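Colleague: Let me give you the structure first, and then I'll get to my questions.
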Amino acid sequence: MNKEKIRWGILGTGNIAHKLADALKFVEGAELYAVGSRKVESARKFASEFGISKAYGSYEDAAKDKDVDVIYVATPHNLHLENTLMCLENGKHVLCEKPFGVNGNEVRQMISKAKEKNLFLMEALWSRFLPNILKTKEIIDSGEIGKVNLLTAYFSFKSIHGPEHRQFNKDLCGGSLLDIGIYNIFLSMFLLGKPKEIFSSAGFTKTEVDGSCSVTFKYDNEALAVTFSSFLADTPIIAEVHGENGKIFLEDKWFCPTNIRLTDSKGNEKLFNFDFKGNGYNYEADEVIKCIRAGKIQSDLMSWDASLELIDALDAIRKKCGLVYPKHDKP
Ligand SMILES: NC(=O)c1ccc[n+]([C@@H]2O[C@H](COP(=O)([O-])OP(=O)(O)OC[C@H]3O[C@@H](n4cnc5c(N)ncnc54)[C@H](OP(=O)(O)O)[C@@H]3O)[C@@H](O)[C@H]2O)c1
């Protein structure tokens, strides 16, 4: 695609839709052109906030706009499959929020539709594109800290929301694992690969989703990744990677644009500060534009295989801890 501007549409007008709309200001060659909401008033309000040309009172109307090139799906988890398929059917490239689908079956349907329509599709796992996460991987892959035997990652905060909110609502596929634990799982797999064994346990809310979820990945006889997510407690949101010859510490809100510290076996410390651009969500959007311009239907960085490995691991974790979404999971 060699248009001067790639025109974006957004489905949903919630928290993350605002973040991406802000981020697009920092993305060269992007124009935020349309927004779709369940309510036209919400679409109009969002459009006026961001100077968007077209405001639609349904997701489908936004997807049918012939001038939209790519759509960002920013709706709750339970709608990702439906919304993505609908956008692809209408000839749009798609960037869909995490979790890509609720389970592997849904993600496979989405990928298969993108292939059929020859359209770009990517999971919006924004941390995958952040310089702090990329540097961490580069250090590990260089062998500088030696063999990694322990990774820890926490993502936990006390939610202010009630049982109806998407974080706790079973119909919207709430729970900490798919919402925030997914980042810990992504980090473990991005840095250390696929585990040999998976262990997990969950604490359930009255709404029958995981208020908290702990996951351990076993890589070999020695190496573990130990992670937890929770909506029930404020904890530091940090990650550490311990190798035989050093360790990397990812500072609080490790999944966001933040600093990392490398400590060698003698205790010498090196701090990495990054010259971050925008609010961080622009990095994934840059990749979308790059791929679409190059005529690619998937990203090499956040590939379909990477998304499949991630969702398959999440499915395995859910099986271990007994977390089911009956409207989505096949018996
Ligand atoms: N990448 C990240 O850092 C990040 C951060 C937060 C969330 N997320 C992901 O983004 C997605 C949306 O999260 P969010 O925090 O933006 O949620 P949110 O603030 O609740 O917004 C979700 C939006 O989806 C639409 N929606 C459609 N059906 C809905 C329903 N039954 N209940 C509530 N909203 C409904 C609404 O938009 P309309 O009313 O306009 O239709 C709503 O504003 C989730 O999949 C989440 O995992 C990603």
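Identifiers in this document derive from the order of the structure tokens: chains are assigned A, B, ..., residues are numbered from 1 separately in each chain, and ligands are numbered from 1 in order of occurrence.
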Show me a table, sorted first by chain and then by increasing residue number, of the residues of chain A having an atom at most 6 Å from ligand 1, each with its shortest atom pair and the distance in Å to one decimal, counting only C-alpha atoms and all ligand atoms and written as JSON lines.
Modeller:
```
{"residue": "A:Gly12", "atom": "CA", "partner": "ligand 1", "partner_atom_place_in_ligand_line": "37 (O)", "distance": 3.5}
{"residue": "A:Thr13", "atom": "CA", "partner": "ligand 1", "partner_atom_place_in_ligand_line": "40 (O)", "distance": 3.8}
{"residue": "A:Gly14", "atom": "CA", "partner": "ligand 1", "partner_atom_place_in_ligand_line": "43 (O)", "distance": 3.2}
{"residue": "A:Asn15", "atom": "CA", "partner": "ligand 1", "partner_atom_place_in_ligand_line": "16 (O)", "distance": 3.8}
{"residue": "A:Ile16", "atom": "CA", "partner": "ligand 1", "partner_atom_place_in_ligand_line": "16 (O)", "distance": 3.8}
{"residue": "A:Ala17", "atom": "CA", "partner": "ligand 1", "partner_atom_place_in_ligand_line": "16 (O)", "distance": 5.7}
{"residue": "A:Ser37", "atom": "CA", "partner": "ligand 1", "partner_atom_place_in_ligand_line": "40 (O)", "distance": 3.6}
{"residue": "A:Arg38", "atom": "CA", "partner": "ligand 1", "partner_atom_place_in_ligand_line": "41 (O)", "distance": 3.9}
{"residue": "A:Ser42", "atom": "CA", "partner": "ligand 1", "partner_atom_place_in_ligand_line": "40 (O)", "distance": 5.7}
{"residue": "A:Ala74", "atom": "CA", "partner": "ligand 1", "partner_atom_place_in_ligand_line": "11 (C)", "distance": 4.7}
{"residue": "A:Thr75", "atom": "CA", "partner": "ligand 1", "partner_atom_place_in_ligand_line": "24 (O)", "distance": 3.5}
{"residue": "A:Pro76", "atom": "CA", "partner": "ligand 1", "partner_atom_place_in_ligand_line": "45 (O)", "distance": 4.3}
{"residue": "A:His77", "atom": "CA", "partner": "ligand 1", "partner_atom_place_in_ligand_line": "45 (O)", "distance": 4.3}
{"residue": "A:Glu97", "atom": "CA", "partner": "ligand 1", "partner_atom_place_in_ligand_line": "10 (O)", "distance": 5.1}
{"residue": "A:Lys98", "atom": "CA", "partner": "ligand 1", "partner_atom_place_in_ligand_line": "47 (O)", "distance": 5.2}
{"residue": "A:Trp126", "atom": "CA", "partner": "ligand 1", "partner_atom_place_in_ligand_line": "1 (N)", "distance": 5.8}
{"residue": "A:Asp179", "atom": "CA", "partner": "ligand 1", "partner_atom_place_in_ligand_line": "47 (O)", "distance": 4.8}
```
Colleague: For A:Lys66, please output as an mmCIF file with N, CA and C atoms, in the first residue's frame all residues within 12 Å (counting only C-alpha atoms; exclusion window: fewer than 5 positions along the same chain).
Modeller:
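The file below, selection_8.cif, is the result:
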```cif
data_model
loop_
_atom_site.group_PDB
_atom_site.id
_atom_site.type_symbol
_atom_site.label_atom_id
_atom_site.label_comp_id
_atom_site.auth_asym_id
_atom_site.auth_seq_id
_atom_site.Cartn_x
_atom_site.Cartn_y
_atom_site.Cartn_z
ATOM 1 N N ARG A 7 -5.155 5.007 6.823
ATOM 2 C CA ARG A 7 -6.283 5.485 7.632
ATOM 3 C C ARG A 7 -6.743 4.430 8.633
ATOM 4 N N TRP A 8 -6.781 4.840 9.896
ATOM 5 C CA TRP A 8 -7.152 3.934 10.989
ATOM 6 C C TRP A 8 -8.596 4.155 11.424
ATOM 7 N N GLY A 9 -9.225 3.036 11.795
ATOM 8 C CA GLY A 9 -10.508 3.092 12.484
ATOM 9 C C GLY A 9 -10.311 2.403 13.832
ATOM 10 N N TYR A 33 -8.947 8.080 11.447
ATOM 11 C CA TYR A 33 -9.977 8.574 10.537
ATOM 12 C C TYR A 33 -11.402 8.273 11.004
ATOM 13 N N ALA A 34 -11.607 7.110 11.666
ATOM 14 C CA ALA A 34 -12.985 6.734 12.030
ATOM 15 C C ALA A 34 -13.013 6.044 13.390
ATOM 16 N N LYS A 54 -14.842 10.590 11.051
ATOM 17 C CA LYS A 54 -16.085 9.819 10.987
ATOM 18 C C LYS A 54 -16.386 9.146 12.331
ATOM 19 N N GLU A 60 -19.940 -2.237 12.897
ATOM 20 C CA GLU A 60 -20.023 -2.658 11.499
ATOM 21 C C GLU A 60 -19.970 -1.456 10.550
ATOM 22 N N ASP A 61 -20.662 -0.381 10.912
ATOM 23 C CA ASP A 61 -20.645 0.806 10.042
ATOM 24 C C ASP A 61 -19.216 1.331 9.894
ATOM 25 N N ILE A 71 -8.133 -1.471 11.092
ATOM 26 C CA ILE A 71 -8.972 -1.250 12.280
ATOM 27 C C ILE A 71 -8.293 -1.825 13.517
ATOM 28 N N CYS A 87 -14.361 -7.299 10.655
ATOM 29 C CA CYS A 87 -13.484 -6.326 9.971
ATOM 30 C C CYS A 87 -12.801 -6.963 8.775
ATOM 31 N N ASN A 90 -14.951 -7.311 5.899
ATOM 32 C CA ASN A 90 -15.174 -6.032 5.223
ATOM 33 C C ASN A 90 -13.901 -5.472 4.587
ATOM 34 N N GLY A 91 -12.906 -6.337 4.468
ATOM 35 C CA GLY A 91 -11.705 -5.966 3.710
ATOM 36 C C GLY A 91 -10.720 -5.083 4.463
ATOM 37 N N LYS A 92 -10.783 -5.101 5.803
ATOM 38 C CA LYS A 92 -9.869 -4.240 6.569
ATOM 39 C C LYS A 92 -8.733 -5.049 7.184
#
```
Colleague: Just the residues within 12 Å of A:Leu224, please, counting only C-alpha atoms, with nothing from its chain fewer than 6 positions along; format it as a VMD selection string.
Modeller: chain A and resid 147 to 153 188 to 189 192 to 199 215 to 218 240 to 243
Colleague: Store the residues picked out above, limited to C-alpha atoms, as a short mmCIF file (atom, residue, chain, number, x, y, z; two decimals), in the first residue's frame.
Modeller:
```cif
data_model
loop_
_atom_site.label_atom_id
_atom_site.label_comp_id
_atom_site.auth_asym_id
_atom_site.auth_seq_id
_atom_site.Cartn_x
_atom_site.Cartn_y
_atom_site.Cartn_z
CA LYS A 147 22.20 -19.54 31.38
CA VAL A 148 18.97 -18.22 32.84
CA ASN A 149 17.70 -20.33 35.71
CA LEU A 150 15.00 -18.11 37.16
CA LEU A 151 12.62 -15.53 35.81
CA THR A 152 10.07 -13.85 38.04
CA ALA A 153 7.34 -11.52 36.80
CA SER A 188 8.56 -15.84 29.93
CA MET A 189 8.03 -17.24 26.44
CA LEU A 192 13.02 -18.27 27.52
CA GLY A 193 10.86 -20.01 24.91
CA LYS A 194 8.22 -22.67 25.30
CA PRO A 195 8.26 -24.43 28.69
CA LYS A 196 8.42 -28.20 29.10
CA GLU A 197 5.86 -28.23 31.91
CA ILE A 198 3.19 -25.83 33.15
CA PHE A 199 1.80 -25.53 36.68
CA VAL A 215 1.83 -19.82 36.99
CA THR A 216 5.11 -21.71 37.02
CA PHE A 217 6.86 -22.76 33.84
CA LYS A 218 9.52 -25.44 34.08
CA GLU A 240 13.74 -10.18 37.16
CA VAL A 241 15.83 -12.49 35.05
CA HIS A 242 18.54 -14.35 36.94
CA GLY A 243 21.35 -15.88 34.94
#
```
Colleague: In terms of the shortest atom-to-atom distance over only C-alpha atoms, which of A:Arg108, A:Lys45, A:Lys5, A:Arg293 is closest to A:Leu32?
Modeller: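 Going through A:Arg108, A:Lys45, A:Lys5, A:Arg293 one by one, the smallest distance to A:Leu32 is for A:Lys5.
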Colleague: For A:Pro131, work out the shell of residues within 12 Å, counting only C-alpha atoms and skipping chain neighbours fewer than 4 positions away, then give it as a compact mmCIF listing (two decimals) with N, CA and C atoms, in the first residue's frame.
Modeller:
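As written to disk, result_19.txt reads:
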```txt
# COMPACT_ATOMS: atom_id res chain seq x y z
N TRP A 126 1.65 -4.86 22.97
CA TRP A 126 2.52 -3.68 22.79
C TRP A 126 3.91 -3.84 23.40
N SER A 127 4.01 -4.59 24.52
CA SER A 127 5.31 -4.72 25.19
C SER A 127 6.35 -5.38 24.27
N LYS A 135 15.76 -4.88 24.65
CA LYS A 135 17.13 -4.87 25.20
C LYS A 135 17.34 -6.06 26.14
N THR A 136 16.31 -6.35 26.93
CA THR A 136 16.41 -7.49 27.85
C THR A 136 16.68 -8.77 27.06
N LYS A 137 15.94 -8.93 25.98
CA LYS A 137 16.13 -10.13 25.16
C LYS A 137 17.53 -10.15 24.53
N GLU A 138 17.95 -8.98 24.07
CA GLU A 138 19.28 -8.90 23.43
C GLU A 138 20.38 -9.31 24.43
N LEU A 250 13.82 -5.48 35.68
CA LEU A 250 12.94 -4.58 34.92
C LEU A 250 12.12 -3.80 35.93
N TRP A 254 6.92 -3.08 34.55
CA TRP A 254 7.94 -3.60 33.63
C TRP A 254 7.43 -3.75 32.20
N PHE A 255 6.11 -3.91 32.02
CA PHE A 255 5.56 -4.15 30.68
C PHE A 255 5.38 -2.84 29.91
N CYS A 256 5.64 -1.69 30.59
CA CYS A 256 5.49 -0.36 29.99
C CYS A 256 6.86 0.16 29.57
N PRO A 257 6.91 1.34 28.94
CA PRO A 257 8.22 1.95 28.70
C PRO A 257 8.87 2.26 30.05
N THR A 258 9.94 1.58 30.41
CA THR A 258 10.61 1.80 31.70
C THR A 258 12.08 1.42 31.57
N ASN A 259 12.82 1.58 32.67
CA ASN A 259 14.26 1.29 32.63
C ASN A 259 14.55 -0.15 32.99
N ILE A 260 15.73 -0.59 32.62
CA ILE A 260 16.19 -1.89 33.11
C ILE A 260 17.59 -1.73 33.71
N PHE A 272 20.05 1.03 32.05
CA PHE A 272 19.68 1.38 30.69
C PHE A 272 18.46 2.29 30.73
N ASN A 273 18.66 3.53 30.28
CA ASN A 273 17.54 4.47 30.10
C ASN A 273 17.25 4.52 28.61
N PHE A 274 16.01 4.59 28.25
CA PHE A 274 15.68 4.59 26.82
C PHE A 274 15.02 5.91 26.45
N ASP A 275 15.27 6.29 25.22
CA ASP A 275 14.69 7.52 24.73
C ASP A 275 13.32 7.17 24.12
N PHE A 276 12.33 6.93 25.00
CA PHE A 276 11.03 6.47 24.50
C PHE A 276 10.30 7.57 23.75
N LYS A 277 9.58 7.11 22.74
CA LYS A 277 8.80 8.03 21.91
C LYS A 277 7.33 7.82 22.27
N GLY A 280 4.15 4.78 24.11
CA GLY A 280 4.55 3.37 24.06
C GLY A 280 3.71 2.54 23.10
N TYR A 281 2.44 2.93 22.95
CA TYR A 281 1.55 2.16 22.06
C TYR A 281 1.86 2.44 20.59
N TYR A 283 4.71 2.12 19.22
CA TYR A 283 5.67 1.17 18.65
C TYR A 283 4.95 0.05 17.89
N GLU A 284 3.86 -0.47 18.47
CA GLU A 284 3.13 -1.54 17.78
C GLU A 284 2.45 -0.98 16.52
```
Colleague: Fewer than 2 positions away in the same chain doesn't count, so skip those; otherwise give me all residues within 8 Å of stretch 185-187 of chain A, counting only C-alpha atoms, as a list in words.
Modeller: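 Listed by chain and then number, they are Gly181, Ile182, Tyr183, Met189, Phe190, Leu191, Thr227, Leu310, Ala313 and Leu314 of chain A.
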Colleague: How about saving the chosen residues, C-alpha atoms kept, as a short mmCIF file (atom, residue, chain, number, x, y, z; two decimals), in the first residue's frame?
Modeller:
```
data_model
loop_
_atom_site.label_atom_id
_atom_site.label_comp_id
_atom_site.auth_asym_id
_atom_site.auth_seq_id
_atom_site.Cartn_x
_atom_site.Cartn_y
_atom_site.Cartn_z
CA GLY A 181 -1.17 -12.35 33.52
CA ILE A 182 -0.84 -12.68 29.74
CA TYR A 183 2.06 -10.19 29.91
CA MET A 189 8.03 -17.24 26.44
CA PHE A 190 9.65 -14.34 24.60
CA LEU A 191 12.79 -14.56 26.72
CA THR A 227 4.78 -15.48 37.74
CA LEU A 310 0.89 -17.66 23.64
CA ALA A 313 0.02 -21.75 26.77
CA LEU A 314 -2.87 -19.72 28.22
#
```
Colleague: Taking into account only C-alpha atoms, which residue in the set A:Ala223, A:Ile292, A:Ala202, A:Cys173 is nearest to A:Asp329?
Modeller: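 Nearest to A:Asp329: A:Cys173.
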Colleague: Which of these residues is nearest to A:Tyr154, using only C-alpha atoms: A:Leu119, A:Ile237, A:Leu85, A:Ile180?
Modeller: A:Ile237
Colleague: Within 12 Å of stretch 204-210 of chain A, which residues of stretch 87-168 of chain A show up? Give each one with its shortest atom-to-atom distance in Å (one decimal) and the two atoms involved, counting only C-alpha atoms, rows by chain then rising residue number, as a tab-separated table.
Modeller:
```
residue	atom	partner	partner_atom	distance
A:Gly162	CA	A:Thr207	CA	10.2
A:Pro163	CA	A:Thr207	CA	6.6
A:Glu164	CA	A:Thr207	CA	8.8
A:His165	CA	A:Thr207	CA	10.6
A:Arg166	CA	A:Val209	CA	10.6
A:Gln167	CA	A:Val209	CA	8.8
A:Phe168	CA	A:Val209	CA	6.3
```
Colleague: Just asking: which residues within stretch 66-146 of chain A are strand (DSSP E) according to DSSP, as a VMD selection string?
Modeller: chain A and resid 70 to 73 93 to 97 121 to 124
Colleague: Taking the DSSP assignment computed from this structure's backbone, write out as number ranges by chain all residues of stretch 104-238 of chain A that belong to alpha helix (DSSP H).
Modeller: A: 104-117, 131-142, 176, 182-192
Colleague: Between A:Glu251, A:Glu4, A:Glu123, A:Asp171, which is the closest to A:Leu79 once you count only C-alpha atoms?
Modeller: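 Closest residue, counting only C-alpha atoms: A:Asp171.
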Colleague: Could you work out how far atom CA of A:Leu134 lies from atom CA of A:Gly278, giving the answer in Å with one decimal?
Modeller: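 If I compute the distance from atom CA of A:Gly278 to atom CA of A:Leu134, I get 17.0 Å.
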Colleague: Could you check the closest approach to A:Gly203 for each of A:Leu177, A:Leu262, A:Met122, A:Glu89 and tell me which residue wins, using only C-alpha atoms?
Modeller: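 Closest to A:Gly203 of all the choices is A:Leu177.
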Colleague: Kindly give the distance, in Å, that separates atom CA of A:Leu271 and atom CA of A:Lys158, rounded to a single decimal.
Modeller: 29.5 Å
Colleague: Could you check which of A:Phe120, A:Phe155, A:Tyr56, A:Tyr72 is closest to A:Ala239, using only C-alpha atoms?
Modeller: A:Phe155
